[in-house]
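Student: Please find one structure pasted underneath; my questions will follow.
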Amino acid sequence: MSYLNGYYFVDREVIESKVYALIKASEKNTRATWWYYNEIFDNANENFKLHDASVEAMYRQRALQLRESYDYLILNYSGGADSHNILITFLKNNIKLDHIFVQWPERLMERGLYVPNAVDKSNANFHSEWDLVLKKDLEWLAQNHPEIKIEIADWTTTVTDKFYTDDLFANTVSNLPSIARAQKQHTFSATEGQLALAGKRVASIFGVDKPQVTFADGKWFMSFVDTACMAGANPDNPNGTEYFYITPMMPELAIHQAHKVAEWYMAHPEKIYLVRNKKFRRANEPGYNDMTYQQHYAEYEEIAEIVKLVCYPYWNFDRFQAAKPFSQLDNLKLGVRAWDNILTALPTFDKAQQAWEYHWKSYLEKIDPRLMRSRDTVAVCRSRYYELNLTSSAPVDTINIVS
Amino acid sequence: MIKFTKILTRPNASIPFFESKDEVVIAYFYYKFIRTKKVISDVKTLSDDKLVLTSVSEWASVEDYLDLLTNEYCHVNIVVPSKEYNTKHNIALKVTVEEI
């Protein structure tokens with residue numbers, strides 16, 4: 001059996017649903033730990049020898065692997081750095097990509113609910129990505145690569161109070177930062193379902209996710225977070241979801257990315273503080289304990305930009321990207337994030353939000369607040385830390401030679 | 001290839017020889033000079049009376065060693081503190097260089 005998004009351990013019990021795992025952990029006054037193909041990444045990490053390969057070469061291998069494994073490839077495209085890198089990998093290497101699938105609240109786009117703005121990069125201005133990035137990409141693609149089918153799905157059509165059921169909350173969503181995200185997790189390509197039901201091997205490819213590196217006790221580590229792995233599989237194609245980067249099918253890719261990111265930090269020692277473990281920073285960095293949410297977010301953004309610089313050679317840093325929807329926002333209603341602002345124009349929105357709140361509260365009241373990230377968002381569960389083979393005991397001695 | 005023999009002599013055994021403990025500096029040095037095989041080997045021996053530390057290191061080329069000497073980060077974080085430390089603690093340094 002394959003576990004697309006891994007599973008959780010509470011003591012020794014395996015629980016696939018994150019929500020149930022957190023409830024169980026709360027009952028037992030313990031924590032839930034996330035498993036994501038630990039043994040495969042362990043083994044690949046111990047035997048990793050591809051230090052000299054380029055990231056582009058690794059991406060090409062992954063694209064070829066997907067091409068050889070499936071009859072039809074669909075890329076879930078957002079215009080962001082992760083999926084853009086995948087698109088360009090296919091195009092530059094002349095590897096056939098059949099289809100790109102874009103989710104966008106199209107019917108709200110033309111109603112004057114927002115004004116495209118290239119200056120405001122807050123999450124509330126997320127919708128400008130359509131005008132400033134995505135629409136242009138799709139037009140370019142249609143003109144230059146007409147062989148690639150473009151499908152746009154409007155996830156706002158399902159924003160109703162009937163949409164939110166216990167099944168959705170408990171069994172199919174590993175993380176619930178926002179109503180919009182939950183809708184998108186359950187909006188699928190019509191073509192994917194049709195082809196899969198016709199017997200074709202169809203891959204639905206997601207650009208998940210950027211590597212996370214940590215520097216602790218002089219050693220470098222790689223880890224994953226479960227909030228990255230939360231794609232919902234198409235019910236008509238349950239085994240077709242593929243994460244491009246963090247994948248047990250080619251664990252060397254994520255390990256290679258992590259090596260490259262760690263090497264970047266080693267070459268830029270003045271930035272290593274960004275990836276120091278929190279325990280070290282709390283103890284040694286004046287002011288760390290007093291950092292504001294905005295300061296933490298600025299660090300998060302800087303780290304993300306460094307990863308893009310290292311891992312996404314095709315990325316143009318002038319492209320517009322709005323901030324991610326984080327939970328600590330402006331006293332918004334439960335389940336609502338800043339980018340949901342235009343959804344309020346939907347006549348069904350208020351009832352849908354109330355239904356969300358009704359269901360989600362019924363789970364939240366069973367979860368220990370220590371297992372929450374904010375009042376309505378569950379904590380991030382991290383994979384184990386994999387030590388990267390990047391250091392040795394030799395340097396300590398060797399530094400003496402320059403004295 | 002170039003071989004450096006550095007002889008450090010301290011006035012008494014209770015004074016430790018300079019050693020950078022900064023993990024970030026170590027990581028940087030590793031990345032710049034060891035992983036790239038600019039430093040090939042480094043063997044240290046301590047005299048019986050524990051006063052003299054002899055360090056024999058081999059570098060791939062003169063240019064590789066010059067990379068170290070002209071590296072601002074290493075200058076600020078390794079060379080300068082070690083020199084200051086040695087001066088402060090009366091540790092004498094004698095260096096011989098030979099091409100091999």
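Letters A, B, ... go to the chains of the structure tokens in the order shown; residues in each chain start at 1; ligands are counted from 1 in the same order.
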Pick out the chain B residues within 6 Å of chain A. Count only C-alpha atoms. Give them as a PyMOL selection string.
Tutor: chain B and resi 19+23+26-28+30+79+82
Student: Output C-alpha atoms for every residue in the selection just made, as a short mmCIF file (atom, residue, chain, number, x, y, z; two decimals), in the first residue's frame.
Tutor:
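What ended up in part_31.cif:
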data_model
loop_
_atom_site.label_atom_id
_atom_site.label_comp_id
_atom_site.auth_asym_id
_atom_site.auth_seq_id
_atom_site.Cartn_x
_atom_site.Cartn_y
_atom_site.Cartn_z
CA GLU B 19 41.79 26.24 17.85
CA GLU B 23 31.07 25.75 13.87
CA ILE B 26 34.74 25.29 10.47
CA ALA B 27 31.95 24.66 7.98
CA TYR B 28 33.22 27.45 5.77
CA TYR B 30 35.68 22.71 5.11
CA VAL B 79 44.19 34.39 10.74
CA SER B 82 45.01 33.14 15.87
#
Student: Excluding same-chain residues fewer than 4 positions from Thr156 (chain A), what lies within 12 Å of it counting only C-alpha atoms, as a ChimeraX atom specification?
Tutor: /A:103-109,160,163,179-187,340,342-349,352
Student: Please save N, CA, C and O atoms of the selected residues as an mmCIF file, in the first residue's frame.
Tutor:
data_model
loop_
_atom_site.group_PDB
_atom_site.id
_atom_site.type_symbol
_atom_site.label_atom_id
_atom_site.label_comp_id
_atom_site.auth_asym_id
_atom_site.auth_seq_id
_atom_site.Cartn_x
_atom_site.Cartn_y
_atom_site.Cartn_z
ATOM 1 N N GLN A 103 -5.661 25.804 -11.351
ATOM 2 C CA GLN A 103 -6.866 26.094 -10.565
ATOM 3 C C GLN A 103 -6.911 27.584 -10.300
ATOM 4 O O GLN A 103 -5.969 28.147 -9.761
ATOM 5 N N TRP A 104 -8.004 28.175 -10.673
ATOM 6 C CA TRP A 104 -8.111 29.619 -10.454
ATOM 7 C C TRP A 104 -9.566 30.024 -10.327
ATOM 8 O O TRP A 104 -10.411 29.483 -11.041
ATOM 9 N N PRO A 105 -9.872 30.963 -9.439
ATOM 10 C CA PRO A 105 -11.281 31.367 -9.270
ATOM 11 C C PRO A 105 -11.726 32.274 -10.416
ATOM 12 O O PRO A 105 -12.015 33.458 -10.226
ATOM 13 N N GLU A 106 -11.804 31.673 -11.596
ATOM 14 C CA GLU A 106 -12.015 32.443 -12.829
ATOM 15 C C GLU A 106 -13.245 33.340 -12.798
ATOM 16 O O GLU A 106 -13.230 34.469 -13.240
ATOM 17 N N ARG A 107 -14.342 32.802 -12.259
ATOM 18 C CA ARG A 107 -15.600 33.556 -12.368
ATOM 19 C C ARG A 107 -15.586 34.811 -11.500
ATOM 20 O O ARG A 107 -16.427 35.677 -11.648
ATOM 21 N N LEU A 108 -14.617 34.855 -10.550
ATOM 22 C CA LEU A 108 -14.508 36.068 -9.748
ATOM 23 C C LEU A 108 -13.520 37.060 -10.338
ATOM 24 O O LEU A 108 -13.451 38.218 -9.922
ATOM 25 N N MET A 109 -12.746 36.563 -11.311
ATOM 26 C CA MET A 109 -11.677 37.398 -11.857
ATOM 27 C C MET A 109 -12.207 38.614 -12.611
ATOM 28 O O MET A 109 -11.631 39.690 -12.572
ATOM 29 N N THR A 160 -19.789 25.708 -0.991
ATOM 30 C CA THR A 160 -21.146 25.660 -0.417
ATOM 31 C C THR A 160 -21.065 24.995 0.946
ATOM 32 O O THR A 160 -20.087 24.305 1.251
ATOM 33 N N PHE A 163 -20.393 21.212 1.112
ATOM 34 C CA PHE A 163 -19.076 20.692 0.734
ATOM 35 C C PHE A 163 -18.331 20.115 1.924
ATOM 36 O O PHE A 163 -17.579 19.158 1.814
ATOM 37 N N ILE A 179 -9.964 27.760 3.805
ATOM 38 C CA ILE A 179 -11.086 27.247 3.021
ATOM 39 C C ILE A 179 -10.662 27.099 1.562
ATOM 40 O O ILE A 179 -10.908 26.082 0.912
ATOM 41 N N ALA A 180 -9.988 28.124 1.045
ATOM 42 C CA ALA A 180 -9.594 28.098 -0.362
ATOM 43 C C ALA A 180 -8.712 26.889 -0.660
ATOM 44 O O ALA A 180 -8.882 26.195 -1.664
ATOM 45 N N ARG A 181 -7.782 26.622 0.257
ATOM 46 C CA ARG A 181 -6.878 25.494 0.011
ATOM 47 C C ARG A 181 -7.635 24.177 0.041
ATOM 48 O O ARG A 181 -7.385 23.277 -0.758
ATOM 49 N N ALA A 182 -8.561 24.060 0.974
ATOM 50 C CA ALA A 182 -9.350 22.827 1.046
ATOM 51 C C ALA A 182 -10.148 22.618 -0.241
ATOM 52 O O ALA A 182 -10.264 21.508 -0.751
ATOM 53 N N GLN A 183 -10.694 23.723 -0.766
ATOM 54 C CA GLN A 183 -11.443 23.609 -2.038
ATOM 55 C C GLN A 183 -10.523 23.126 -3.146
ATOM 56 O O GLN A 183 -10.880 22.253 -3.931
ATOM 57 N N LYS A 184 -9.328 23.707 -3.182
ATOM 58 C CA LYS A 184 -8.402 23.364 -4.259
ATOM 59 C C LYS A 184 -7.931 21.912 -4.155
ATOM 60 O O LYS A 184 -7.693 21.255 -5.158
ATOM 61 N N GLN A 185 -7.794 21.451 -2.903
ATOM 62 C CA GLN A 185 -7.362 20.067 -2.712
ATOM 63 C C GLN A 185 -8.388 19.074 -3.258
ATOM 64 O O GLN A 185 -8.076 17.913 -3.453
ATOM 65 N N HIS A 186 -9.612 19.555 -3.454
ATOM 66 C CA HIS A 186 -10.670 18.662 -3.907
ATOM 67 C C HIS A 186 -11.244 19.086 -5.251
ATOM 68 O O HIS A 186 -12.394 18.790 -5.575
ATOM 69 N N THR A 187 -10.442 19.798 -5.994
ATOM 70 C CA THR A 187 -10.819 20.139 -7.365
ATOM 71 C C THR A 187 -9.843 19.415 -8.285
ATOM 72 O O THR A 187 -8.635 19.589 -8.151
ATOM 73 N N ASP A 340 -8.625 34.867 0.766
ATOM 74 C CA ASP A 340 -10.045 34.542 0.598
ATOM 75 C C ASP A 340 -10.909 35.787 0.439
ATOM 76 O O ASP A 340 -12.131 35.682 0.365
ATOM 77 N N ILE A 342 -11.752 37.841 -1.837
ATOM 78 C CA ILE A 342 -12.744 37.995 -2.914
ATOM 79 C C ILE A 342 -13.855 36.936 -2.834
ATOM 80 O O ILE A 342 -14.899 37.083 -3.444
ATOM 81 N N LEU A 343 -13.601 35.875 -2.052
ATOM 82 C CA LEU A 343 -14.635 34.843 -1.926
ATOM 83 C C LEU A 343 -15.889 35.369 -1.234
ATOM 84 O O LEU A 343 -16.975 34.820 -1.403
ATOM 85 N N THR A 344 -15.715 36.406 -0.453
ATOM 86 C CA THR A 344 -16.877 36.932 0.281
ATOM 87 C C THR A 344 -17.947 37.460 -0.672
ATOM 88 O O THR A 344 -19.091 37.669 -0.266
ATOM 89 N N ALA A 345 -17.567 37.654 -1.933
ATOM 90 C CA ALA A 345 -18.554 38.097 -2.922
ATOM 91 C C ALA A 345 -19.487 36.955 -3.351
ATOM 92 O O ALA A 345 -20.526 37.189 -3.963
ATOM 93 N N LEU A 346 -19.085 35.718 -3.028
ATOM 94 C CA LEU A 346 -19.950 34.594 -3.397
ATOM 95 C C LEU A 346 -21.160 34.567 -2.470
ATOM 96 O O LEU A 346 -21.006 34.642 -1.247
ATOM 97 N N PRO A 347 -22.357 34.426 -3.021
ATOM 98 C CA PRO A 347 -23.547 34.395 -2.153
ATOM 99 C C PRO A 347 -23.528 33.211 -1.192
ATOM 100 O O PRO A 347 -24.173 33.248 -0.146
ATOM 101 N N THR A 348 -22.779 32.157 -1.526
ATOM 102 C CA THR A 348 -22.747 30.956 -0.683
ATOM 103 C C THR A 348 -21.666 31.009 0.386
ATOM 104 O O THR A 348 -21.562 30.098 1.209
ATOM 105 N N PHE A 349 -20.879 32.070 0.383
ATOM 106 C CA PHE A 349 -19.668 32.045 1.209
ATOM 107 C C PHE A 349 -19.963 32.026 2.707
ATOM 108 O O PHE A 349 -19.366 31.250 3.450
ATOM 109 N N ALA A 352 -21.057 28.730 3.858
ATOM 110 C CA ALA A 352 -19.949 27.776 3.731
ATOM 111 C C ALA A 352 -18.962 27.964 4.875
ATOM 112 O O ALA A 352 -18.509 26.989 5.479
#
Student: What is the CA of Tyr243 (chain A) to CA of Leu309 (chain A) distance in Å?
Tutor: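 Interatomic distance, CA of Tyr243 (chain A) to CA of Leu309 (chain A): 20.6 Å.
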Student: If you measure from CA of Ile2 (chain B) to CA of Glu58 (chain B), what distance in Å do you get, rounded to one decimal?
Tutor: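 Distance reported for this atom pair: 5.7 Å.
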Student: Residues within 10 Å of Lys121 (chain A), please, as a list in words. Count only C-alpha atoms; anything in the same chain fewer than 4 positions from it doesn't count.
Tutor: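 Here the answer would be Asn117, Asn125, Phe126, Ser128, Glu129, Phe320, Gln321, Ala322, Ala323 and Lys324 of chain A.
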Student: Need the shell around Val97 (chain B): protein/DNA/RNA residues with any atom at most 8 Å away, counting only C-alpha atoms. Skip same-chain ones fewer than 5 positions apart. Format as an mmCIF file with all heavy atoms, in the first residue's frame?
Tutor:
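Ended up saving to part36.cif:
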data_model
loop_
_atom_site.group_PDB
_atom_site.id
_atom_site.type_symbol
_atom_site.label_atom_id
_atom_site.label_comp_id
_atom_site.auth_asym_id
_atom_site.auth_seq_id
_atom_site.Cartn_x
_atom_site.Cartn_y
_atom_site.Cartn_z
ATOM 1 N N ILE B 2 52.503 21.725 -2.371
ATOM 2 C CA ILE B 2 53.322 22.566 -1.495
ATOM 3 C C ILE B 2 53.150 22.075 -0.042
ATOM 4 O O ILE B 2 52.044 21.738 0.372
ATOM 5 C CB ILE B 2 52.926 24.045 -1.660
ATOM 6 C CG1 ILE B 2 53.839 24.954 -0.859
ATOM 7 C CG2 ILE B 2 51.503 24.325 -1.325
ATOM 8 C CD1 ILE B 2 53.671 26.425 -1.251
ATOM 9 N N LYS B 3 54.265 22.009 0.668
ATOM 10 C CA LYS B 3 54.221 21.494 2.043
ATOM 11 C C LYS B 3 54.599 22.589 3.036
ATOM 12 O O LYS B 3 55.636 23.227 2.878
ATOM 13 C CB LYS B 3 55.164 20.308 2.194
ATOM 14 C CG LYS B 3 55.112 19.678 3.576
ATOM 15 C CD LYS B 3 55.710 18.292 3.611
ATOM 16 C CE LYS B 3 57.199 18.355 3.893
ATOM 17 N NZ LYS B 3 57.787 17.006 4.031
ATOM 18 N N PHE B 4 53.752 22.779 4.023
ATOM 19 C CA PHE B 4 54.025 23.754 5.085
ATOM 20 C C PHE B 4 54.348 22.996 6.369
ATOM 21 O O PHE B 4 53.608 22.088 6.751
ATOM 22 C CB PHE B 4 52.780 24.612 5.375
ATOM 23 C CG PHE B 4 52.551 25.690 4.374
ATOM 24 C CD1 PHE B 4 51.954 25.405 3.163
ATOM 25 C CD2 PHE B 4 52.955 26.981 4.633
ATOM 26 C CE1 PHE B 4 51.740 26.394 2.228
ATOM 27 C CE2 PHE B 4 52.750 27.974 3.701
ATOM 28 C CZ PHE B 4 52.145 27.687 2.497
ATOM 29 N N THR B 5 55.427 23.403 6.971
ATOM 30 C CA THR B 5 55.724 22.871 8.305
ATOM 31 C C THR B 5 55.673 24.044 9.267
ATOM 32 O O THR B 5 56.429 25.015 9.117
ATOM 33 C CB THR B 5 57.105 22.199 8.347
ATOM 34 O OG1 THR B 5 57.145 21.188 7.335
ATOM 35 C CG2 THR B 5 57.373 21.580 9.716
#
